[in-house]
file run-v4.txt (compact mmCIF, C-alpha atoms)
# COMPACT_ATOMS: atom_id res chain seq x y z
CA MET A 1 55.58 -32.65 17.63
CA ARG A 2 56.25 -30.30 14.73
CA LEU A 3 57.60 -26.82 15.08
CA ARG A 4 55.07 -24.34 13.69
CA LEU A 5 55.92 -20.70 13.05
CA SER A 6 53.28 -18.19 13.98
CA ALA A 7 51.74 -16.12 11.19
CA GLY A 8 53.51 -13.08 12.58
CA MET A 9 56.90 -14.76 12.49
CA ARG A 10 56.38 -15.91 8.93
CA TRP A 11 55.54 -12.35 7.91
CA VAL A 12 58.67 -11.06 9.66
CA LEU A 13 60.84 -13.52 7.75
CA ALA A 14 59.15 -12.67 4.46
CA ILE A 15 59.59 -8.95 5.08
CA LEU A 16 63.32 -9.50 5.77
CA VAL A 17 63.67 -10.96 2.31
CA LEU A 18 61.79 -8.10 0.73
CA LEU A 19 63.52 -5.23 2.50
CA ALA A 20 65.30 -3.90 -0.55
CA PRO A 21 63.16 -2.16 -3.18
CA ILE A 22 62.61 -3.87 -6.52
CA THR A 23 64.18 -1.54 -9.03
CA ALA A 24 63.45 -1.04 -12.71
CA PHE A 25 65.48 -3.01 -15.21
CA SER A 26 67.40 0.09 -16.33
CA GLU A 27 70.25 1.06 -14.03
CA ALA A 28 70.92 4.42 -15.57
CA SER A 29 71.44 7.35 -13.20
CA ALA A 30 68.97 10.20 -13.05
CA SER A 31 71.22 12.30 -15.27
CA ASP A 32 71.10 9.61 -17.96
CA ALA A 33 67.38 8.92 -17.69
CA SER A 34 66.63 9.99 -21.26
CA ALA A 35 69.28 7.65 -22.62
CA ALA A 36 67.95 4.79 -20.50
CA VAL A 37 64.50 5.16 -22.02
CA LEU A 38 65.95 4.68 -25.50
CA SER A 39 68.14 1.69 -24.58
CA LYS A 40 66.87 -1.76 -23.70
CA PRO A 41 68.51 -3.67 -20.85
CA LYS A 42 70.40 -6.81 -21.79
CA LEU A 43 68.91 -10.07 -20.54
CA SER A 44 72.41 -11.37 -19.85
CA ASN A 45 72.87 -8.63 -17.24
CA ARG A 46 69.91 -9.96 -15.24
CA PHE A 47 69.58 -13.65 -16.02
CA ARG A 48 72.20 -16.39 -16.07
CA PHE A 49 72.54 -20.14 -15.95
CA LEU A 50 74.45 -21.14 -12.81
CA THR A 51 74.68 -24.76 -13.96
CA ALA A 52 73.36 -26.74 -16.90
CA GLU A 53 74.22 -30.34 -17.70
CA THR A 54 73.00 -33.39 -19.50
CA VAL A 55 74.11 -36.89 -18.53
CA SER A 56 73.86 -40.30 -20.17
CA HIS A 57 74.23 -42.95 -17.51
CA PHE A 58 74.38 -46.74 -17.35
CA ARG A 59 73.66 -48.33 -13.97
CA TYR A 60 73.71 -51.87 -12.64
CA VAL A 61 72.26 -52.66 -9.19
CA ASP A 62 71.47 -55.96 -7.51
CA ALA A 63 70.07 -56.74 -4.08
CA ALA A 64 71.42 -60.31 -3.96
CA GLU A 65 72.65 -62.98 -6.33
CA GLY A 66 70.03 -63.34 -9.03
CA ARG A 67 68.05 -60.29 -7.88
CA VAL A 68 68.98 -57.54 -10.34
CA THR A 69 66.94 -54.39 -9.68
CA ALA A 70 68.51 -52.11 -12.30
CA ARG A 71 70.38 -52.68 -15.54
CA ASP A 72 69.43 -49.62 -17.54
CA VAL A 73 70.55 -46.60 -19.49
CA TYR A 74 69.30 -43.38 -17.89
CA TYR A 75 69.29 -39.76 -18.86
CA LYS A 76 69.53 -36.59 -16.80
CA LEU A 77 68.87 -32.95 -17.61
CA SER A 78 69.51 -30.37 -14.90
CA THR A 79 69.67 -26.57 -14.84
CA ARG A 80 70.02 -23.95 -12.12
CA VAL A 81 69.18 -20.38 -13.07
CA GLN A 82 69.20 -17.00 -11.34
CA LEU A 83 67.25 -13.86 -12.19
CA ASN A 84 68.61 -10.72 -10.55
CA ILE A 85 65.63 -8.51 -9.73
CA GLN A 86 68.17 -5.89 -8.76
CA GLY A 87 71.04 -5.62 -11.21
CA ASP A 88 73.73 -6.20 -8.60
CA GLY A 89 72.07 -9.40 -7.35
CA THR A 90 70.95 -7.91 -4.04
CA THR A 91 67.46 -9.28 -4.71
CA TYR A 92 67.19 -12.39 -6.85
CA LEU A 93 65.12 -15.41 -7.79
CA GLN A 94 66.77 -18.79 -8.17
CA GLY A 95 65.42 -22.12 -9.37
CA ARG A 96 66.51 -25.67 -10.24
CA GLY A 97 64.79 -27.57 -13.03
CA GLU A 98 65.64 -31.25 -13.26
CA SER A 99 64.61 -34.68 -14.44
CA GLY A 100 63.81 -37.44 -11.95
CA GLY A 101 60.63 -38.05 -10.04
CA ASN A 102 61.67 -38.45 -6.40
CA PHE A 103 63.89 -37.03 -3.66
CA ILE A 104 66.88 -39.26 -4.40
CA SER A 105 66.76 -39.25 -8.20
CA SER A 106 67.61 -36.84 -10.99
CA TYR A 107 67.56 -39.58 -13.64
CA ASP A 108 64.82 -41.09 -15.79
CA TYR A 109 64.68 -44.30 -17.84
CA THR A 110 65.45 -44.20 -21.56
CA GLY A 111 63.77 -47.57 -22.16
CA LEU A 112 67.10 -49.32 -22.81
CA GLY A 113 67.24 -51.95 -20.10
CA LEU A 114 64.87 -53.54 -17.61
CA HIS A 115 62.45 -50.61 -17.26
CA GLU A 116 60.10 -48.84 -19.64
CA ARG A 117 60.91 -45.36 -20.89
CA HIS A 118 59.93 -42.50 -18.62
CA TRP A 119 60.57 -38.81 -19.27
CA SER A 120 60.04 -36.04 -16.72
CA PHE A 121 61.21 -32.55 -15.90
CA ASN A 122 60.17 -30.51 -12.88
CA LEU A 123 61.04 -27.28 -11.15
CA LYS A 124 62.38 -28.81 -7.92
CA SER A 125 63.51 -25.63 -6.14
CA PHE A 126 62.44 -22.01 -6.45
CA PHE A 127 63.18 -19.29 -3.92
CA LEU A 128 63.60 -15.58 -3.35
CA GLY A 129 66.89 -14.30 -1.97
CA GLN A 130 67.72 -10.96 -0.39
CA LYS A 131 71.12 -9.65 0.69
CA LEU A 132 70.92 -7.52 3.83
CA GLY A 133 74.08 -5.45 3.87
CA LYS A 134 77.55 -6.94 3.46
CA HIS A 135 77.24 -9.97 5.70
CA LEU A 136 73.62 -11.15 5.91
CA GLU A 137 71.42 -12.87 3.38
CA ALA A 138 67.91 -14.33 3.62
CA GLN A 139 66.15 -16.90 1.46
CA VAL A 140 62.53 -18.01 1.42
CA GLY A 141 60.69 -20.62 -0.63
CA GLY A 142 61.80 -23.96 -2.06
CA ILE A 143 65.44 -23.58 -1.00
CA GLU A 144 68.47 -25.85 -1.41
CA PHE A 145 70.15 -27.89 1.35
CA ASP A 146 73.39 -26.63 2.86
CA ARG A 147 75.71 -29.64 3.25
CA GLY A 148 78.59 -27.65 4.70
CA ALA A 149 81.98 -29.20 4.00
CA GLY A 150 80.45 -32.67 3.67
CA THR A 151 78.65 -34.64 0.97
CA GLU A 152 75.40 -36.49 0.36
CA ALA A 153 76.95 -39.63 1.89
CA SER A 154 75.90 -38.51 5.38
CA TYR A 155 73.25 -35.91 4.57
CA ALA A 156 70.50 -35.05 2.09
CA ASP A 157 70.74 -36.48 -1.42
CA ASN A 158 72.06 -33.96 -3.95
CA ASP A 159 68.75 -34.21 -5.82
CA GLY A 160 66.58 -33.52 -2.75
CA TRP A 161 64.41 -30.55 -1.78
CA LEU A 162 63.44 -28.40 1.17
CA GLU A 163 60.80 -25.71 1.75
CA GLY A 164 61.40 -23.01 4.31
CA TYR A 165 63.32 -19.98 5.50
CA ARG A 166 67.05 -19.36 5.80
CA LEU A 167 69.16 -16.57 7.22
CA PHE A 168 72.93 -16.79 6.98
CA TYR A 169 75.92 -14.69 7.88
CA SER A 170 79.12 -14.66 5.83
CA GLY A 171 82.24 -12.88 7.07
CA SER A 172 85.81 -12.25 6.02
CA PRO A 173 88.32 -15.14 6.10
CA GLY A 174 90.95 -15.05 8.81
CA LYS A 175 88.80 -13.73 11.64
CA ALA A 176 87.95 -15.69 14.76
CA LEU A 177 84.30 -16.14 13.81
CA PRO A 178 83.25 -18.75 11.26
CA GLU A 179 83.12 -17.56 7.66
CA ARG A 180 79.50 -18.68 7.45
CA ILE A 181 76.70 -19.25 9.96
CA ASN A 182 73.43 -20.61 8.60
CA VAL A 183 70.06 -20.93 10.35
CA THR A 184 67.35 -22.78 8.43
CA ILE A 185 63.78 -23.59 9.46
CA GLY A 186 61.62 -25.56 7.07
CA TYR A 187 59.82 -28.72 6.03
CA VAL A 188 61.39 -31.93 4.69
CA GLY A 189 59.13 -34.57 3.22
CA ASP A 190 56.92 -35.26 0.20
CA PHE A 191 59.70 -37.45 -1.17
CA LEU A 192 57.64 -38.39 -4.26
CA GLN A 193 56.54 -34.85 -5.16
CA PRO A 194 59.19 -33.16 -7.36
CA ASN A 195 57.08 -30.08 -8.21
CA VAL A 196 58.10 -27.22 -5.92
CA PHE A 197 54.78 -25.39 -6.30
CA ALA A 198 52.90 -28.43 -5.01
CA ARG A 199 55.15 -28.45 -1.93
CA LEU A 200 55.25 -24.73 -1.08
CA PRO A 201 52.08 -24.91 1.07
CA ARG A 202 54.22 -27.00 3.45
CA MET A 203 55.95 -23.79 4.52
CA ASP A 204 53.20 -23.53 7.13
CA GLU A 205 54.54 -26.77 8.67
CA GLN A 206 58.07 -26.85 10.05
CA ASN A 207 59.71 -30.16 10.95
CA TYR A 208 63.33 -29.29 10.12
CA ILE A 209 65.89 -27.04 11.81
CA GLN A 210 69.54 -26.65 10.86
CA ILE A 211 72.14 -24.47 12.56
CA LEU A 212 75.46 -24.73 10.72
CA ALA A 213 78.82 -23.00 11.13
CA ALA A 214 81.58 -23.27 8.50
CA LYS A 215 85.22 -22.27 8.97
CA LYS A 216 88.34 -22.38 6.80
CA LEU A 217 91.38 -23.88 8.50
CA GLY A 218 94.17 -22.40 6.45
CA ALA A 219 93.99 -22.18 2.68
CA ASN A 220 93.05 -25.78 1.89
CA ARG A 221 90.84 -27.12 4.68
CA ASP A 222 87.12 -26.47 5.18
CA LEU A 223 85.39 -27.51 8.41
CA SER A 224 81.67 -27.42 9.20
CA LEU A 225 79.77 -28.23 12.39
CA GLU A 226 76.00 -28.35 12.65
CA PHE A 227 72.99 -29.16 14.79
CA ASP A 228 69.86 -30.55 13.14
CA SER A 229 66.35 -31.37 14.29
CA ILE A 230 64.29 -33.52 11.92
CA GLN A 231 60.80 -34.31 13.19
CA THR A 232 62.11 -33.41 16.69
CA ILE A 233 64.92 -36.02 16.49
CA ARG A 234 68.26 -34.35 17.24
CA PHE A 235 71.40 -34.80 15.15
CA THR A 236 74.89 -33.38 15.06
CA ARG A 237 77.12 -33.51 12.01
CA GLN A 238 80.77 -32.67 11.44
CA ALA A 239 82.63 -32.57 8.13
CA LEU A 240 86.15 -31.80 6.93
CA HIS A 241 87.17 -31.25 3.31
CA TRP A 242 90.95 -31.14 2.84
CA GLN A 243 92.43 -30.18 -0.52
CA LYS A 244 96.07 -30.29 -1.62
CA ILE A 245 97.04 -32.89 0.97
CA PRO A 246 100.85 -33.13 0.89
CA LEU A 247 101.00 -36.91 0.32
CA ARG A 248 102.17 -38.88 -2.68
CA VAL A 249 99.23 -41.30 -2.74
CA LEU A 250 96.37 -38.79 -2.28
CA ASP A 251 95.77 -35.06 -2.48
CA GLU A 252 92.13 -34.57 -1.46
CA GLY A 253 89.83 -36.05 1.14
CA PHE A 254 86.42 -35.80 2.79
CA LEU A 255 85.76 -36.99 6.34
CA GLU A 256 82.28 -36.64 7.81
CA ALA A 257 80.40 -37.99 10.81
CA ILE A 258 76.77 -37.81 11.90
CA VAL A 259 75.36 -38.55 15.37
CA ARG A 260 71.72 -39.22 16.15
CA ALA A 261 71.56 -37.85 19.66
CA SER A 262 67.95 -38.66 20.65
CA ASP A 263 65.25 -41.30 20.15
CA GLY A 264 67.73 -44.13 19.77
CA ALA A 265 71.33 -42.96 19.54
CA ARG A 266 73.25 -43.81 16.36
CA PHE A 267 76.64 -42.95 14.88
CA GLY A 268 77.59 -42.92 11.21
CA TRP A 269 80.54 -41.74 9.19
CA SER A 270 82.00 -41.61 5.71
CA ALA A 271 85.40 -40.93 4.14
CA SER A 272 86.52 -40.32 0.56
CA LEU A 273 90.14 -40.22 -0.63
CA LEU A 274 91.08 -38.82 -4.05
CA LYS A 275 94.22 -38.42 -6.13
CA THR A 276 94.73 -36.23 -9.22
CA LEU A 277 97.14 -37.96 -11.58
CA ASP A 278 98.17 -35.17 -13.95
CA SER A 279 98.94 -31.46 -13.91
CA LYS A 280 95.85 -30.59 -15.99
CA LYS A 281 93.60 -32.33 -13.44
CA ARG A 282 91.99 -34.57 -16.03
CA PHE A 283 92.30 -37.94 -14.24
CA ARG A 284 91.17 -38.39 -10.64
CA PRO A 285 90.67 -41.87 -9.16
CA GLY A 286 89.39 -42.31 -5.63
CA VAL A 287 87.90 -44.64 -3.07
CA PHE A 288 85.17 -44.21 -0.46
CA TYR A 289 83.95 -45.98 2.65
CA SER A 290 80.65 -45.24 4.38
CA ASP A 291 78.94 -46.65 7.46
CA ILE A 292 75.52 -45.07 7.95
CA PRO A 293 73.14 -47.21 10.07
CA ASP A 294 69.84 -48.09 8.41
CA ALA A 295 67.96 -46.69 11.43
CA MET A 296 69.74 -43.32 11.31
CA PHE A 297 66.76 -41.57 9.69
CA LEU A 298 63.93 -43.88 10.77
CA ARG A 299 61.08 -42.85 13.03
CA GLU A 300 58.65 -45.63 13.89
CA ARG A 301 59.80 -47.49 10.73
CA ALA A 302 59.09 -44.47 8.53
CA ARG A 303 61.96 -42.85 6.60
CA ILE A 304 62.11 -39.16 7.59
CA PHE A 305 65.25 -38.22 5.64
CA GLN A 306 67.21 -39.68 2.74
CA ASN A 307 70.93 -39.46 2.06
CA GLY A 308 72.57 -40.00 -1.33
CA ASP A 309 71.19 -43.01 -3.19
CA SER A 310 74.70 -43.99 -4.33
CA TYR A 311 75.72 -44.51 -0.69
CA VAL A 312 72.39 -45.38 1.01
CA PHE A 313 72.79 -47.19 4.33
CA GLY A 314 75.01 -49.83 5.86
CA LYS A 315 78.73 -50.46 5.50
CA ARG A 316 79.87 -49.86 1.93
CA ILE A 317 83.11 -49.44 0.03
CA GLY A 318 83.88 -48.68 -3.57
CA PRO A 319 86.04 -46.98 -6.21
CA THR A 320 85.39 -43.72 -8.04
CA PHE A 321 86.99 -42.21 -11.12
CA ARG A 322 86.66 -38.95 -13.04
CA TRP A 323 88.08 -38.23 -16.50
CA VAL A 324 87.71 -34.64 -17.74
CA LEU A 325 87.52 -34.40 -21.52
CA PRO A 326 87.79 -31.32 -23.77
CA GLN A 327 84.75 -29.19 -24.61
CA ASN A 328 83.12 -29.56 -21.18
CA PHE A 329 82.65 -33.33 -21.36
CA GLU A 330 83.37 -35.58 -18.41
CA VAL A 331 83.28 -39.35 -17.78
CA THR A 332 82.71 -40.64 -14.24
CA LEU A 333 82.67 -44.16 -12.80
CA PHE A 334 81.29 -45.27 -9.45
CA GLY A 335 81.14 -48.66 -7.77
CA SER A 336 80.00 -49.88 -4.38
CA ARG A 337 79.93 -53.14 -2.45
CA ARG A 338 77.81 -53.78 0.65
CA LEU A 339 79.88 -55.24 3.47
CA ASP A 340 77.11 -56.14 5.93
CA SER A 341 73.52 -57.42 5.90
CA THR A 342 71.78 -54.03 5.74
CA PRO A 343 68.77 -54.18 3.37
CA GLY A 344 69.27 -52.52 0.02
CA PRO A 345 71.67 -52.81 -2.92
CA ARG A 346 74.48 -55.36 -2.71
CA TYR A 347 76.51 -54.31 -5.76
CA ARG A 348 76.18 -51.03 -7.60
CA GLY A 349 78.12 -49.95 -10.66
CA GLN A 350 77.60 -47.00 -12.95
CA ILE A 351 79.29 -45.06 -15.71
CA ALA A 352 78.17 -41.61 -16.79
CA VAL A 353 79.04 -39.23 -19.62
CA ARG A 354 78.33 -35.64 -18.61
CA TYR A 355 78.20 -32.51 -20.76
CA GLN A 356 78.15 -29.13 -19.00
CA PHE A 357 76.77 -26.32 -21.14
CA ALA A 358 75.95 -23.41 -18.81
CA ASN A 359 78.70 -21.26 -20.37
CA LEU A 360 77.31 -21.94 -23.84
CA LEU A 361 73.80 -20.91 -22.82
CA ASN A 362 75.05 -17.77 -21.10
CA ARG A 363 76.93 -16.76 -24.25
CA LEU A 364 73.72 -17.11 -26.27
CA LEU A 365 71.78 -14.72 -24.06
CA PRO A 366 71.11 -11.32 -25.67
call {"tool": "encode", "arguments": {"input": "run-v4.txt", "output": "structure tokens"}}
result
Amino acid sequence: MRLRLSAGMRWVLAILVLLAPITAFSEASASDASAAVLSKPKLSNRFRFLTAETVSHFRYVDAAEGRVTARDVYYKLSTRVQLNIQGDGTTYLQGRGESGGNFISSYDYTGLGLHERHWSFNLKSFFLGQKLGKHLEAQVGGIEFDRGAGTEASYADNDGWLEGYRLFYSGSPGKALPERINVTIGYVGDFLQPNVFARLPRMDEQNYIQILAAKKLGANRDLSLEFDSIQTIRFTRQALHWQKIPLRVLDEGFLEAIVRASDGARFGWSASLLKTLDSKKRFRPGVFYSDIPDAMFLRERARIFQNGDSYVFGKRIGPTFRWVLPQNFEVTLFGSRRLDSTPGPRYRGQIAVRYQFANLLNRLLP
């Protein structure tokens, strides 16, 4: 059974997002109206790149000895942009344009390797946001997942998408209440449809609910707890992100667990341990372990949700490494080894060279 919002409820949620008036691009006061007519607003005051990156990526994957499924050079282009309809960002539009043709991929083939060249770029998310006072904010449209303090190892792939409605509260640190409470109702599916406009009609169908609370535990620890319903199957998820751990061998860690509480109980968890080797934070090796049962997101043999494709399902372990170079370049390495008989990749290894250029694009805006 799918949750379906009534037409009246959908209108209420849409009106919440549109409560604030859409102002003109000039923010001059009434006393300066004549000057505002003569001056043109700067695009950089309204529009900015939140992220922008290009990645060259080599990946090797095999399913068993002699069964190589990937040995290719890939490319990735990804941007996230925001247009402030109101100059202070009270009302805004946000979107993510990205390569990759499915829910768990932001990469395409260059033609160097086993697969033929394939180039794509789609607007994967696009939504309207509205701040309602100091503590409330609403979003509607093709919105992004909220992974709390955790990662894609136990939740939605970083490249995934969601259509729906979100209302969240954010408060001041140090109080008894969580810093953030998020309620999301939407639709998850269409895993092979990267175009957000083709998926937006799904907002009439709701099969996904998330209620998440996030709390800071001191200055360096972030905790999140959540309840999820995906196609009426209930889940709980807990995650802890601890930075500046006072140990010689590691200084950062993620610990997350997910419980399928109905329709065949399951338990899965993941941990990542990281260590920065130098004062400029250029070198950071790490190691991860994940144990996410293959049936965690299955319903009658159909996959209803997909976690990060680097981790997938089963018991897996592997090293990670990040090397930050000058001029916004970064080299990352990732490896994984399957430890059980879960279907899917046996070995996975990849190296990526990333260039982040959002600051450059923002400087070029008039």
call {"tool": "closest_residue", "arguments": {"input": "run-v4.txt", "among": "A:Trp119, A:Phe191, A:Trp323, A:Trp161", "to": "Asn102 in chain A", "atoms": "all atoms listed in the file"}}
result
A:Phe191
call {"tool": "residues_around", "arguments": {"input": "run-v4.txt", "residues": "range 282-285 of chain A", "least_positions_apart": "5", "cutoff": "7 Å", "atoms": "all atoms listed in the file", "output": "compact mmCIF listing (two decimals) with C-alpha atoms, keeping the file's coordinate frame"}}
result
# COMPACT_ATOMS: atom_id res chain seq x y z
CA LEU A 274 91.08 -38.82 -4.05
CA LYS A 275 94.22 -38.42 -6.13
CA THR A 276 94.73 -36.23 -9.22
CA LEU A 277 97.14 -37.96 -11.58
CA THR A 320 85.39 -43.72 -8.04
CA PHE A 321 86.99 -42.21 -11.12
CA ARG A 322 86.66 -38.95 -13.04
CA TRP A 323 88.08 -38.23 -16.50
CA VAL A 324 87.71 -34.64 -17.74
call {"tool": "atom_distance", "arguments": {"input": "run-v4.txt", "atom1": "CA of Ala153 in chain A", "atom2": "CA of Ile292 in chain A"}}
result
8.3 Å
call {"tool": "atom_distance", "arguments": {"input": "run-v4.txt", "atom1": "CA of Gly264 in chain A", "atom2": "CA of Arg301 in chain A"}}
result
12.5 Å
call {"tool": "closest_residue", "arguments": {"input": "run-v4.txt", "among": "A:Thr110, A:Ser270, A:Gln306, A:Asn45", "to": "Asp88 in chain A", "atoms": "only C-alpha atoms"}}
result
A:Asn45
